[in-house]
file work.txt (compact mmCIF, C-alpha atoms)
# COMPACT_ATOMS: atom_id res chain seq x y z
CA MET A 588 -13.10 -15.33 -37.56
CA ASN A 589 -9.85 -17.10 -38.19
CA ILE A 590 -8.15 -18.67 -35.24
CA ASN A 591 -4.41 -18.81 -35.66
CA ALA A 592 -1.12 -18.55 -33.83
CA THR A 593 -1.98 -15.05 -32.67
CA LEU A 594 -4.03 -16.77 -29.99
CA LEU A 595 -0.94 -18.50 -28.62
CA GLY A 596 0.96 -15.23 -28.59
CA GLU A 597 -1.83 -13.45 -26.77
CA LEU A 598 -2.18 -16.33 -24.33
CA ILE A 599 1.50 -16.07 -23.46
CA ALA A 600 1.21 -12.29 -23.16
CA PHE A 601 -1.85 -12.71 -20.94
CA ILE A 602 -0.08 -15.18 -18.66
CA PHE A 603 2.94 -12.90 -18.47
CA PHE A 604 0.86 -9.82 -17.60
CA VAL A 605 -1.12 -11.69 -14.96
CA TRP A 606 2.06 -13.13 -13.48
CA PHE A 607 3.73 -9.73 -13.45
CA CYS A 608 0.68 -8.12 -11.90
CA MET A 609 0.49 -10.82 -9.25
CA LYS A 610 4.18 -10.60 -8.39
CA PHE A 611 5.08 -6.94 -8.72
CA VAL A 612 1.96 -4.79 -8.92
CA TRP A 613 -0.77 -6.11 -6.67
CA PRO A 614 1.12 -6.85 -3.42
CA PRO A 615 2.86 -3.49 -3.00
CA ILE A 616 -0.22 -1.44 -3.86
CA MET A 617 -2.50 -3.54 -1.67
CA GLY A 618 0.13 -3.48 1.07
CA ALA A 619 0.32 0.30 0.92
CA ILE A 620 -3.46 0.60 1.04
CA GLU A 621 -3.78 -1.77 3.96
CA GLU A 622 -0.94 -0.13 5.83
CA ARG A 623 -2.53 3.26 5.34
CA GLN A 624 -5.86 1.90 6.56
CA GLN A 625 -4.07 0.60 9.64
CA LYS A 626 -2.41 3.98 10.11
CA ILE A 627 -5.68 5.83 9.83
CA ALA A 628 -7.32 3.44 12.28
CA ASP A 629 -4.44 3.92 14.71
CA GLY A 630 -4.61 7.66 14.26
CA LEU A 631 -8.32 7.71 14.95
CA ALA A 632 -7.86 5.58 18.06
CA ALA A 633 -5.04 7.82 19.23
CA SER A 634 -7.11 10.95 18.69
CA GLU A 635 -9.94 9.42 20.67
CA ARG A 636 -7.55 8.55 23.46
CA GLY A 637 -6.16 12.08 23.32
CA GLU A 638 -9.66 13.48 23.57
CA GLN A 639 -10.31 11.39 26.65
CA ASP A 640 -7.01 12.47 28.15
CA LEU A 641 -7.86 16.07 27.46
CA GLU A 642 -11.22 15.71 29.13
CA LEU A 643 -9.57 14.11 32.14
CA ALA A 644 -6.96 16.83 32.31
CA GLN A 645 -9.62 19.51 32.04
CA GLN A 646 -11.53 17.87 34.86
CA LYS A 647 -8.38 17.78 36.95
CA ALA A 648 -7.56 21.37 36.16
CA THR A 649 -11.05 22.49 37.14
CA ASP A 650 -10.77 20.59 40.41
CA GLN A 651 -7.40 22.08 41.18
CA LEU A 652 -8.61 25.54 40.32
CA LYS A 653 -11.55 25.13 42.66
CA GLU A 654 -9.26 23.92 45.42
CA ALA A 655 -6.89 26.79 44.86
CA LYS A 656 -9.76 29.24 44.97
CA THR A 657 -11.02 27.91 48.30
CA GLN A 658 -7.51 27.95 49.65
CA ALA A 659 -7.00 31.50 48.50
CA ALA A 660 -10.30 32.54 50.06
CA GLU A 661 -9.24 30.90 53.30
CA ILE A 662 -5.90 32.67 53.26
CA ILE A 663 -7.53 36.00 52.54
CA GLU A 664 -10.00 35.42 55.33
CA GLN A 665 -7.17 34.64 57.70
CA ALA A 666 -5.21 37.66 56.58
CA LYS A 667 -8.21 39.90 57.07
CA LYS A 668 -8.74 38.52 60.52
CA ARG A 669 -5.10 38.95 61.39
CA GLY A 670 -5.15 42.46 59.93
CA SER A 671 -8.12 43.57 61.97
CA GLN A 672 -6.56 41.96 64.99
CA ILE A 673 -3.38 43.95 64.46
CA VAL A 674 -5.34 47.11 63.93
CA ASP A 675 -7.27 46.48 67.12
CA GLU A 676 -4.14 45.79 69.04
CA GLU A 677 -2.45 48.88 67.70
CA THR A 678 -5.45 51.06 68.46
CA GLN A 679 -5.50 49.62 71.94
CA ARG A 680 -1.83 50.27 72.35
CA GLY A 681 -2.18 53.80 70.94
CA HIS A 682 -5.00 54.57 73.31
CA SER A 683 -3.09 53.39 76.34
CA GLU A 684 -0.01 55.27 75.15
CA ARG A 685 -2.08 58.41 74.78
CA GLU A 686 -3.61 57.94 78.19
CA LYS A 687 -0.17 57.45 79.62
CA ILE A 688 1.24 60.53 77.90
CA ILE A 689 -1.74 62.64 78.90
CA ALA A 690 -1.53 61.45 82.48
CA GLN A 691 2.17 62.19 82.51
CA GLY A 692 1.50 65.65 81.09
CA TYR A 693 -1.15 66.31 83.74
CA SER A 694 1.12 65.29 86.54
CA GLU A 695 3.95 67.37 85.11
CA VAL A 696 1.67 70.36 84.77
CA GLU A 697 0.42 69.74 88.29
CA ALA A 698 3.94 69.61 89.65
CA GLU A 699 4.88 72.78 87.77
CA ARG A 700 1.86 74.52 89.10
CA ASN A 701 2.60 73.44 92.64
CA ARG A 702 6.14 74.67 92.28
CA ALA A 703 4.96 77.97 90.86
CA LYS A 704 2.41 78.25 93.70
CA GLU A 705 5.14 77.63 96.20
CA GLU A 706 7.32 80.26 94.54
CA LEU A 707 4.48 82.70 94.40
CA ARG A 708 3.65 82.07 98.02
CA LYS A 709 7.23 82.79 99.00
CA GLN A 710 7.34 85.98 96.92
CA VAL A 711 3.94 87.05 98.21
CA ALA A 712 5.25 86.53 101.75
CA THR A 713 8.28 88.63 101.01
CA LEU A 714 6.12 91.26 99.37
CA ALA A 715 3.70 91.26 102.27
CA ILE A 716 6.53 91.66 104.71
CA ALA A 717 7.99 94.45 102.63
CA GLY A 718 4.54 96.09 102.45
CA ALA A 719 4.05 95.74 106.15
CA GLU A 720 7.47 97.16 106.80
CA LYS A 721 6.63 100.16 104.70
CA ILE A 722 3.21 100.60 106.32
CA LEU A 723 4.53 100.42 109.80
CA GLU A 724 7.65 102.26 108.90
CA ARG A 725 9.44 100.43 111.40
CA GLU A 726 11.59 97.49 111.73
CA ILE A 727 9.76 94.37 112.31
CA ASN A 728 11.62 91.36 113.24
CA ALA A 729 10.90 89.22 110.30
CA ALA A 730 11.68 86.19 112.24
CA ALA A 731 9.36 87.14 115.11
CA GLN A 732 6.51 87.98 112.86
CA SER A 733 6.91 85.17 110.42
CA ASP A 734 4.17 83.04 111.98
CA ILE A 735 1.66 85.80 111.16
CA VAL A 736 2.96 86.01 107.63
CA GLU A 737 2.77 82.29 107.34
CA LYS A 738 -0.87 82.43 108.32
CA LEU A 739 -1.45 85.18 105.80
CA VAL A 740 0.19 83.30 103.02
CA ALA A 741 -1.83 80.24 103.77
CA GLU A 742 -4.98 82.23 103.34
CA LEU A 743 -3.99 83.28 99.83
CA MET B 105 -11.80 8.50 -45.79
CA ALA B 106 -13.79 6.99 -48.57
CA ALA B 107 -12.56 9.64 -50.93
CA SER B 108 -8.89 8.76 -50.48
CA GLY B 109 -8.87 6.23 -53.33
CA GLY B 110 -10.82 7.00 -56.45
CA GLU B 111 -11.83 3.44 -57.35
CA GLN B 112 -12.23 2.38 -53.71
CA THR B 113 -15.72 1.13 -53.00
CA ILE B 114 -17.53 1.21 -49.67
CA SER B 115 -17.29 -2.53 -49.27
CA GLY B 116 -13.62 -2.31 -50.14
CA TYR B 117 -13.13 0.38 -47.53
CA ILE B 118 -14.90 -1.68 -44.88
CA GLN B 119 -13.06 -4.81 -45.91
CA HIS B 120 -9.77 -2.96 -45.66
CA HIS B 121 -10.57 -1.82 -42.16
CA LEU B 122 -11.52 -5.28 -41.00
CA THR B 123 -8.40 -7.01 -42.24
CA ASN B 124 -5.50 -7.66 -39.91
CA ALA B 125 -1.89 -7.08 -40.76
CA THR B 126 -0.56 -10.62 -40.94
CA VAL B 127 2.74 -12.43 -40.96
CA GLY B 128 3.03 -16.13 -41.70
CA GLU B 129 0.99 -18.85 -43.35
CA GLY B 130 -1.89 -21.10 -42.34
CA PHE B 131 -2.16 -21.71 -38.62
CA TRP B 132 1.17 -20.00 -38.02
CA THR B 133 -0.24 -16.67 -39.06
CA PHE B 134 0.33 -13.86 -36.64
CA HIS B 135 -1.88 -10.81 -36.52
CA VAL B 136 0.90 -8.33 -36.06
CA ASP B 137 -1.39 -5.38 -35.31
CA THR B 138 -3.39 -7.24 -32.66
CA LEU B 139 -0.21 -8.49 -31.04
CA ALA B 140 1.51 -5.12 -31.18
CA TRP B 141 -1.37 -3.05 -29.84
CA SER B 142 -2.29 -5.51 -27.12
CA LEU B 143 1.32 -5.76 -25.99
CA ILE B 144 1.76 -1.99 -26.03
CA LEU B 145 -1.41 -1.53 -23.98
CA GLY B 146 -0.50 -4.39 -21.68
CA PHE B 147 2.83 -2.79 -20.98
CA VAL B 148 1.17 0.59 -20.52
CA PHE B 149 -0.93 -1.09 -17.86
CA ILE B 150 1.74 -3.01 -15.98
CA LEU B 151 4.42 -0.32 -16.20
CA SER B 152 2.19 2.53 -15.10
CA PHE B 153 0.83 0.44 -12.23
CA ARG B 154 4.32 -0.82 -11.44
CA ALA B 155 5.48 2.80 -11.17
CA VAL B 156 2.90 3.33 -8.46
CA ALA B 157 3.68 0.03 -6.77
CA LYS B 158 7.39 0.81 -6.63
CA LYS B 159 7.02 4.08 -4.78
CA ALA B 160 3.68 3.45 -3.10
CA THR B 161 3.54 5.57 -0.01
CA THR B 162 1.47 4.76 3.00
CA GLY B 163 1.18 8.46 3.71
CA VAL B 164 -0.66 10.94 1.54
CA PRO B 165 -0.87 9.44 -1.97
CA GLY B 166 -0.15 11.42 -5.12
CA LYS B 167 -2.86 11.93 -7.72
CA TRP B 168 -1.80 9.05 -9.94
CA GLN B 169 -1.38 6.77 -6.96
CA ALA B 170 -4.83 7.74 -5.72
CA CYS B 171 -6.26 6.92 -9.15
CA VAL B 172 -4.51 3.54 -9.28
CA GLU B 173 -5.57 2.77 -5.74
CA LEU B 174 -9.15 3.61 -6.67
CA ILE B 175 -9.08 1.01 -9.45
CA VAL B 176 -7.28 -1.54 -7.27
CA GLU B 177 -9.73 -1.09 -4.42
CA PHE B 178 -12.68 -1.32 -6.81
CA VAL B 179 -11.38 -4.62 -8.19
CA ASP B 180 -10.49 -5.84 -4.72
CA SER B 181 -13.95 -5.17 -3.31
CA THR B 182 -15.56 -6.82 -6.34
CA VAL B 183 -13.39 -9.90 -5.91
CA LYS B 184 -13.96 -10.04 -2.15
CA SER B 185 -17.72 -9.83 -2.50
CA THR B 186 -17.82 -12.64 -5.05
CA TYR B 187 -14.88 -14.96 -4.48
CA HIS B 188 -14.80 -16.33 -0.97
CA GLY B 189 -11.78 -18.57 -1.23
CA LYS B 190 -8.28 -17.46 -0.48
CA SER B 191 -6.16 -17.15 -3.56
CA PRO B 192 -3.37 -14.70 -4.29
CA LEU B 193 -4.10 -15.03 -8.01
CA ILE B 194 -7.75 -14.07 -8.44
CA ALA B 195 -7.52 -10.38 -7.56
CA PRO B 196 -4.45 -9.58 -9.71
CA LEU B 197 -5.99 -11.65 -12.50
CA ALA B 198 -9.19 -9.63 -12.28
CA LEU B 199 -7.24 -6.37 -12.21
CA THR B 200 -5.18 -7.36 -15.25
CA ILE B 201 -8.26 -8.40 -17.20
CA PHE B 202 -10.20 -5.27 -16.27
CA VAL B 203 -7.54 -2.71 -17.05
CA TRP B 204 -6.10 -4.46 -20.07
CA VAL B 205 -9.47 -5.07 -21.70
CA LEU B 206 -10.54 -1.55 -20.83
CA LEU B 207 -7.46 -0.07 -22.52
CA MET B 208 -7.86 -2.27 -25.57
CA ASN B 209 -11.54 -1.37 -25.83
CA PHE B 210 -10.70 2.31 -25.60
CA MET B 211 -8.72 1.99 -28.82
CA ASP B 212 -12.15 1.92 -30.41
CA LEU B 213 -12.60 5.61 -29.66
CA ILE B 214 -9.62 6.69 -31.73
CA PRO B 215 -11.14 7.85 -35.03
CA VAL B 216 -11.22 4.82 -37.30
CA ASP B 217 -8.94 6.22 -39.99
CA PHE B 218 -6.19 7.80 -37.90
CA LEU B 219 -3.95 4.86 -37.20
CA PRO B 220 -4.71 2.83 -40.38
CA SER B 221 -4.00 5.87 -42.57
CA PHE B 222 -0.82 6.55 -40.66
CA ALA B 223 0.20 2.92 -41.14
CA GLN B 224 -0.56 3.21 -44.86
CA PHE B 225 1.54 6.35 -45.03
CA ILE B 226 4.48 4.66 -43.32
CA GLY B 227 3.98 1.55 -45.46
CA GLY B 228 3.96 3.72 -48.56
CA LEU B 229 7.22 5.34 -47.51
CA LEU B 230 8.72 1.89 -47.00
CA GLY B 231 7.74 0.93 -50.53
CA TYR B 232 4.65 -1.20 -49.94
CA ASP B 233 1.40 -0.79 -51.84
CA PRO B 234 -0.69 1.37 -49.44
CA ALA B 235 -3.85 -0.48 -50.43
CA HIS B 236 -2.43 -3.63 -48.93
CA VAL B 237 -1.14 -2.17 -45.70
CA TYR B 238 -3.64 -3.19 -43.03
CA MET B 239 -3.97 -1.98 -39.49
CA LYS B 240 -6.72 -3.07 -37.13
CA VAL B 241 -6.17 -1.12 -33.95
CA VAL B 242 -8.70 -2.62 -31.53
CA PRO B 243 -7.26 -5.92 -30.29
CA THR B 244 -10.54 -6.99 -28.72
CA THR B 245 -12.18 -7.06 -32.14
CA ASP B 246 -9.91 -9.98 -32.91
CA VAL B 247 -11.26 -13.38 -31.81
CA ASN B 248 -7.72 -14.54 -31.18
CA MET B 249 -7.38 -11.91 -28.50
CA THR B 250 -10.65 -12.62 -26.73
CA PHE B 251 -10.20 -16.38 -27.00
CA ALA B 252 -6.71 -16.11 -25.56
CA LEU B 253 -8.20 -14.37 -22.53
CA SER B 254 -11.09 -16.78 -22.11
CA ILE B 255 -8.90 -19.86 -22.64
CA GLY B 256 -6.56 -18.56 -19.97
CA VAL B 257 -9.56 -18.24 -17.67
CA PHE B 258 -10.81 -21.69 -18.73
CA ILE B 259 -7.48 -23.31 -17.86
CA LEU B 260 -7.62 -21.64 -14.46
CA MET B 261 -11.19 -22.85 -13.97
CA ILE B 262 -10.17 -26.45 -14.56
CA PHE B 263 -7.02 -26.00 -12.48
CA TYR B 264 -8.95 -24.65 -9.51
CA SER B 265 -11.68 -27.29 -9.85
CA ILE B 266 -9.14 -30.09 -9.69
CA LYS B 267 -7.03 -28.39 -7.06
CA ILE B 268 -9.90 -27.81 -4.65
CA LYS B 269 -12.24 -30.71 -5.38
CA GLY B 270 -9.70 -33.23 -6.65
CA PHE B 271 -9.90 -34.91 -10.05
CA GLY B 272 -12.62 -37.25 -8.83
CA GLY B 273 -14.66 -34.38 -7.47
CA PHE B 274 -14.30 -32.49 -10.71
CA MET B 275 -15.42 -35.49 -12.77
CA LYS B 276 -18.24 -36.21 -10.36
CA GLU B 277 -19.49 -32.68 -10.85
CA LEU B 278 -19.58 -33.42 -14.59
CA TYR B 279 -21.62 -36.64 -14.50
CA ALA B 280 -23.55 -36.67 -11.19
CA HIS B 281 -25.27 -33.38 -11.75
CA PRO B 282 -28.18 -32.38 -12.18
CA PHE B 283 -29.75 -35.92 -12.21
CA ASN B 284 -28.16 -38.01 -9.50
CA THR B 285 -29.13 -41.46 -10.82
CA PRO B 286 -26.55 -43.76 -12.42
CA TRP B 287 -28.56 -44.48 -15.56
CA LEU B 288 -28.67 -40.78 -16.42
CA TYR B 289 -24.93 -40.15 -15.90
CA TRP B 290 -24.25 -40.12 -19.65
CA PHE B 291 -26.92 -37.44 -20.10
CA ASN B 292 -25.55 -35.36 -17.23
CA PHE B 293 -22.09 -35.61 -18.69
CA ILE B 294 -23.16 -34.25 -22.06
CA LEU B 295 -25.10 -31.45 -20.39
CA GLU B 296 -22.31 -30.43 -18.04
CA VAL B 297 -19.57 -30.56 -20.66
CA VAL B 298 -21.62 -28.34 -22.92
CA SER B 299 -22.21 -25.86 -20.13
CA LEU B 300 -18.54 -25.98 -19.13
CA VAL B 301 -17.35 -25.32 -22.67
CA ALA B 302 -20.00 -22.67 -23.17
CA LYS B 303 -18.51 -20.57 -20.41
CA PRO B 304 -15.24 -19.55 -22.09
CA LEU B 305 -16.96 -19.50 -25.48
CA SER B 306 -19.65 -17.06 -24.36
CA LEU B 307 -17.10 -15.07 -22.38
CA SER B 308 -14.90 -14.42 -25.38
CA LEU B 309 -17.64 -14.07 -27.97
CA ARG B 310 -19.53 -11.55 -25.86
CA LEU B 311 -16.53 -9.25 -25.70
CA PHE B 312 -15.64 -9.83 -29.32
CA GLY B 313 -19.19 -9.33 -30.55
CA ASN B 314 -19.77 -6.10 -28.69
CA LEU B 315 -16.52 -4.51 -29.74
CA TYR B 316 -16.64 -5.82 -33.29
CA ALA B 317 -20.13 -4.44 -33.73
CA GLY B 318 -19.11 -1.10 -32.29
CA GLU B 319 -16.09 -0.91 -34.54
CA LEU B 320 -18.15 -1.92 -37.57
CA ILE B 321 -20.64 0.86 -36.93
CA PHE B 322 -17.83 3.40 -36.66
CA ILE B 323 -16.49 2.16 -40.00
CA LEU B 324 -19.94 2.22 -41.59
CA ILE B 325 -20.53 5.79 -40.42
CA ALA B 326 -17.11 6.83 -41.69
CA GLY B 327 -17.46 4.99 -44.98
CA THR B 328 -20.94 5.81 -46.12
CA ILE B 329 -22.27 9.22 -45.21
CA GLY B 330 -19.68 11.85 -45.98
CA LEU B 331 -19.72 14.98 -43.88
CA TRP B 332 -22.78 13.95 -41.84
CA GLN B 333 -20.65 11.40 -40.13
CA LEU B 334 -19.35 13.94 -37.63
CA PRO B 335 -22.42 14.28 -35.36
CA LEU B 336 -23.18 10.61 -35.85
CA HIS B 337 -19.66 9.68 -34.84
CA PHE B 338 -20.05 11.77 -31.76
CA LEU B 339 -23.37 10.15 -30.86
CA TRP B 340 -22.09 6.63 -31.41
CA ALA B 341 -18.90 7.37 -29.49
CA ALA B 342 -20.91 8.69 -26.57
CA PHE B 343 -22.97 5.53 -26.57
CA HIS B 344 -19.95 3.34 -27.07
CA LEU B 345 -18.31 5.01 -24.12
CA LEU B 346 -20.78 3.09 -21.98
CA VAL B 347 -20.15 -0.19 -23.75
CA ILE B 348 -16.39 -0.04 -23.34
CA PRO B 349 -16.06 -0.10 -19.53
CA LEU B 350 -19.18 -2.23 -19.23
CA GLN B 351 -17.69 -5.00 -21.36
CA ALA B 352 -14.39 -4.82 -19.49
CA PHE B 353 -16.26 -5.04 -16.20
CA ILE B 354 -18.46 -7.92 -17.39
CA PHE B 355 -15.42 -9.87 -18.53
CA MET B 356 -13.76 -9.35 -15.16
CA MET B 357 -16.92 -10.10 -13.20
CA LEU B 358 -17.66 -13.33 -15.07
CA THR B 359 -14.07 -14.44 -14.67
CA ILE B 360 -14.39 -14.04 -10.92
CA VAL B 361 -17.78 -15.77 -10.89
CA TYR B 362 -16.58 -18.74 -12.96
CA LEU B 363 -13.50 -19.14 -10.81
CA SER B 364 -15.51 -18.91 -7.60
CA LEU B 365 -17.90 -21.55 -8.99
CA ALA B 366 -14.92 -23.71 -9.88
CA SER B 367 -13.46 -23.47 -6.38
CA GLU B 368 -16.63 -24.07 -4.41
CA GLU B 369 -18.08 -27.42 -3.46
CA HIS B 370 -21.65 -27.97 -4.53

call {"tool": "encode", "arguments": {"input": "work.txt", "output": "structure tokens"}}
result
Amino acid sequence: MNINATLLGELIAFIFFVWFCMKFVWPPIMGAIEERQQKIADGLAASERGEQDLELAQQKATDQLKEAKTQAAEIIEQAKKRGSQIVDEETQRGHSEREKIIAQGYSEVEAERNRAKEELRKQVATLAIAGAEKILEREINAAAQSDIVEKLVAEL
Amino acid sequence: MAASGGEQTISGYIQHHLTNATVGEGFWTFHVDTLAWSLILGFVFILSFRAVAKKATTGVPGKWQACVELIVEFVDSTVKSTYHGKSPLIAPLALTIFVWVLLMNFMDLIPVDFLPSFAQFIGGLLGYDPAHVYMKVVPTTDVNMTFALSIGVFILMIFYSIKIKGFGGFMKELYAHPFNTPWLYWFNFILEVVSLVAKPLSLSLRLFGNLYAGELIFILIAGTIGLWQLPLHFLWAAFHLLVIPLQAFIFMMLTIVYLSLASEEH
């Protein structure tokens, strides 16, 4: 328990250490800590904002998707309608075309038949005259008898 | 150990361990060991913390930086919860006291004979009589050390009292308290001066007493009971491990409390 000059030395050392700590140690460390706290706070705020933005964007995306879906459904509906319309039209057109072709065919066949009938009639007339000639074994004036032949042919 | 000198007695051994290495005469005696160890530890503190402060990153801290920041934040929160004024000095002061005292106290856990024996060995090589080479390694077991700290705190207490309350306010606190009647001012004054002086006195003697007692018990265990000292050393060290940070913390805490009392109006 002897107080001596050591005390003065330690007092000076103490003052020096405190001064040094106050000037060169405390402010930078505290500054770094506070700055980091600020950074973390900012980061947390930013992440919260980002979360909100994300939610908003998701909402928007869902809305747009829904809209697109309805639009697509509409378009498909329209296309279907248009498709069936086209099919109807085409069927209609096909039918009428067929009718036309068939009718044409009928008339053609009819004409052919008429022509053939006419031909046959003429040949039958000739044949009948030839037959009559043979039967009678005499010359018949074809021109004079033609009205009878005509009548005959008409009965065929 | 006790066996190192044939004619060495236990009281001689203890005496040897409790004597400082000195230079000078009378008042101008310097305890070289106290000065050297406290300065070494003080520089360990400020340089290691300065290393962190110099390249303190606001990003992800390294391990040592995280450790330093832990201590700094601990001291900062303690100061903030106790000292409500605004002073750039209190927190660094508290940090310096806490870490420095803690480091000096931790010297107590180095086995009592290591450094003194080493000093004796070096002294012997240099041609001194080893029996008269002293080395007391725990600076806080030296009253000069603890009084230097508490006197520094005391000066700050008076400085803050006068700075914040003015000289008149400081004096008024001394004589007009606790009995606010003029004819009892003399009594108040005696009471308040005693309590004012008791603050640094108790502050330093508490630290000194605790560490001196701890050191003395280490020396007693080492000096008296031979081989059985090993488990006892361990037990006492484990107990002392609680005392060491506790005393450093108490010193810091009371410093903050005294300074906050000094800078608050009553």

call {"tool": "residues_near_point", "arguments": {"input": "work.txt", "point": "(3.9, -9.5, -39.7)", "cutoff": "10 Å", "atoms": "all atoms listed in the file", "output": "mmCIF file with C-alpha atoms, in the coordinates of the input"}}
result
data_model
loop_
_atom_site.group_PDB
_atom_site.id
_atom_site.type_symbol
_atom_site.label_atom_id
_atom_site.label_comp_id
_atom_site.auth_asym_id
_atom_site.auth_seq_id
_atom_site.Cartn_x
_atom_site.Cartn_y
_atom_site.Cartn_z
ATOM 1 C CA ASN B 124 -5.500 -7.660 -39.910
ATOM 2 C CA ALA B 125 -1.890 -7.080 -40.760
ATOM 3 C CA THR B 126 -0.560 -10.620 -40.940
ATOM 4 C CA VAL B 127 2.740 -12.430 -40.960
ATOM 5 C CA GLY B 128 3.030 -16.130 -41.700
ATOM 6 C CA THR B 133 -0.240 -16.670 -39.060
ATOM 7 C CA PHE B 134 0.330 -13.860 -36.640
ATOM 8 C CA HIS B 135 -1.880 -10.810 -36.520
ATOM 9 C CA VAL B 136 0.900 -8.330 -36.060
ATOM 10 C CA ASP B 137 -1.390 -5.380 -35.310
ATOM 11 C CA LEU B 139 -0.210 -8.490 -31.040
ATOM 12 C CA ALA B 140 1.510 -5.120 -31.180
#

call {"tool": "interface_residues", "arguments": {"input": "work.txt", "of": "chain B", "to": "chain A", "cutoff": "8 Å", "atoms": "all atoms listed in the file", "output": "PyMOL selection string"}}
result
chain B and resi 130-135+138-139+142-143+146+150+153-154+156-158+160-163+173+176+192-193+196-197+200+246-249+251-253+255-256

call {"tool": "residues_near_point", "arguments": {"input": "work.txt", "point": "(4.1, 84.0, 96.8)", "cutoff": "12 Å", "atoms": "all atoms listed in the file", "output": "VMD selection string"}}
result
chain A and resid 701 to 716 736 to 737 739 to 743

call {"tool": "closest_residue", "arguments": {"input": "work.txt", "among": "B:Ala366, B:Ala280, B:Val216, B:Ala195", "to": "Ile321 in chain B", "atoms": "only C-alpha atoms"}}
result
B:Val216

call {"tool": "closest_residue", "arguments": {"input": "work.txt", "among": "B:Leu219, B:Leu365, B:Leu174, B:Ile262", "to": "Phe274 in chain B", "atoms": "only C-alpha atoms"}}
result
B:Ile262

call {"tool": "residues_around", "arguments": {"input": "work.txt", "residues": "Val361 in chain B", "least_positions_apart": "6", "cutoff": "9 Å", "atoms": "only C-alpha atoms", "output": "PyMOL selection string"}}
result
chain B and resi 183+186-187

call {"tool": "atom_distance", "arguments": {"input": "work.txt", "atom1": "CA of Arg700 in chain A", "atom2": "CA of Gly718 in chain A"}}
result
25.5 Å

call {"tool": "atom_distance", "arguments": {"input": "work.txt", "atom1": "CA of Met211 in chain B", "atom2": "CA of Val242 in chain B"}}
result
5.3 Å

call {"tool": "residues_around", "arguments": {"input": "work.txt", "residues": "Ile268 in chain B", "least_positions_apart": "2", "cutoff": "9 Å", "atoms": "all atoms listed in the file", "output": "PyMOL selection string"}}
result
chain B and resi 263-266+270-271+273-274+366-369
